[in-house]
Amino acid sequence: MTAVDAAAARPVGYRTQVLPAAPPPSSPAARRTMRANRRRDTRCEVALRRELHRRGLRFVVDAAPPGTNRRRRADVLLRGERVALFVDGCFWHSCPQHLHLPRANREWWRQKLASVVARDRDTDLGLQAAGWLPLRVWEHEPAQVAAARVLAVLRHREASGRTGPLEAACARLRASGAAPCRTVDP
Ligand SMILES: [Zn+2]
């Protein structure tokens with residue numbers, strides 16, 4: 001996190017972490033990988049948005065809810081439902097199925113990827129503190145599956161008057177054999 005990031009961060013509920021400067025890419029292939037890492041409008045984000053839209057949901061893209069850190073923008077913001085949806089890339093967000101550490105500069109990468117996960121959890125806490133529900137899907141999840149999962153959470157919240165604990169919604173989803181709900185991670 002840069003000094004500018006740190007200054008813009010909320011004073012409470014958002015940790016900052018200082019990492020050594022990034023080492024230079026170890027190879028032309030690594031450089032291409034880094035450059036190919038688009039921050040928004042990735043193919044899976046677009047596919048998920050299409051599925052959500054097809055199911056009647058309306059949303060804004062790449063936005064932070066009012067009252068939360070504007071640098072932690074959600075990929076999809078369902079304002080009426082107060083849900084912030086993130087499509088987490090498997091590499092950067094350490095998907096358990098596809099996690100791998102590059103061999104070059106391994107220790108730096110270990111710290112870097114751990115800091116991304118810590119930042120995600122911190123973002124979730126900030127959203128919850130502001131009354132928003134953070135939901136995260138993996139880049140590798142088929143868009144239809146991810147969209148159905150989001151819909152299931154919304155329906156459950158609606159049925160429970162939005163007052164039911166999130167953990168109960170996630171437990172129900174897990175019991176139904178759906179993909180693990182990451183919003184209950186400690
Ligand atoms: Zn994955």
# chains A, B, ... in the order shown; residues from 1 in each chain; ligands from 1
call {"tool": "residues_near_ligand", "arguments": {"ligand": "ligand 1", "cutoff": "12 Å", "atoms": "only C-alpha atoms and all ligand atoms", "output": "JSON, numbers by chain"}}
result
{"A": [44, 87, 88, 89, 90, 91, 92, 93, 94, 95, 96, 97, 98, 99, 100, 137, 138, 139, 140, 141, 142, 179]}
call {"tool": "select_by_dssp", "arguments": {"residues": "stretch 85-137 of chain A", "states": "strand (DSSP E or B)", "output": "PyMOL selection string"}}
result
chain A and resi 85-88+133-137
call {"tool": "write_last_selection", "arguments": {"atoms": "N, CA and C atoms", "output": "short mmCIF file (atom, residue, chain, number, x, y, z; two decimals), in the first residue's frame"}}
result
data_model
loop_
_atom_site.label_atom_id
_atom_site.label_comp_id
_atom_site.auth_asym_id
_atom_site.auth_seq_id
_atom_site.Cartn_x
_atom_site.Cartn_y
_atom_site.Cartn_z
N LEU A 85 -20.48 -6.97 -4.43
CA LEU A 85 -20.06 -8.25 -5.01
C LEU A 85 -18.67 -8.10 -5.63
N PHE A 86 -17.82 -9.06 -5.32
CA PHE A 86 -16.46 -9.06 -5.84
C PHE A 86 -16.22 -10.34 -6.63
N VAL A 87 -15.60 -10.20 -7.76
CA VAL A 87 -15.14 -11.38 -8.51
C VAL A 87 -13.63 -11.46 -8.27
N ASP A 88 -13.24 -12.41 -7.45
CA ASP A 88 -11.84 -12.50 -7.05
C ASP A 88 -11.05 -13.36 -8.03
N LEU A 133 -23.53 -6.01 2.70
CA LEU A 133 -23.16 -7.43 2.69
C LEU A 133 -22.11 -7.68 1.60
N PRO A 134 -20.90 -8.07 2.00
CA PRO A 134 -19.91 -8.41 0.98
C PRO A 134 -20.11 -9.84 0.50
N LEU A 135 -20.11 -10.04 -0.80
CA LEU A 135 -20.17 -11.39 -1.37
C LEU A 135 -19.00 -11.53 -2.33
N ARG A 136 -18.39 -12.70 -2.30
CA ARG A 136 -17.24 -12.92 -3.18
C ARG A 136 -17.40 -14.21 -3.95
N VAL A 137 -17.16 -14.12 -5.23
CA VAL A 137 -17.16 -15.32 -6.06
C VAL A 137 -15.78 -15.43 -6.70
#
call {"tool": "closest_residue", "arguments": {"among": "A:Pro28, A:Pro102, A:Gly131, A:Gly126", "to": "A:Arg79", "atoms": "only C-alpha atoms"}}
result
A:Gly131
call {"tool": "residues_around", "arguments": {"residues": "A:Leu78", "least_positions_apart": "3", "cutoff": "8 Å", "atoms": "only C-alpha atoms", "output": "mmCIF file with C-alpha atoms, in the first residue's frame"}}
result
data_model
loop_
_atom_site.group_PDB
_atom_site.id
_atom_site.type_symbol
_atom_site.label_atom_id
_atom_site.label_comp_id
_atom_site.auth_asym_id
_atom_site.auth_seq_id
_atom_site.Cartn_x
_atom_site.Cartn_y
_atom_site.Cartn_z
ATOM 1 C CA LEU A 57 -30.931 -7.547 -11.011
ATOM 2 C CA ARG A 58 -29.855 -3.982 -11.627
ATOM 3 C CA PHE A 59 -26.575 -2.672 -10.345
ATOM 4 C CA VAL A 60 -23.689 -0.310 -10.756
ATOM 5 C CA GLU A 81 -30.014 -4.866 -1.739
ATOM 6 C CA ARG A 82 -26.962 -3.319 -0.082
ATOM 7 C CA VAL A 83 -24.748 -6.044 -1.475
ATOM 8 C CA ALA A 84 -21.176 -5.521 -2.656
ATOM 9 C CA LEU A 85 -20.056 -8.250 -5.011
#
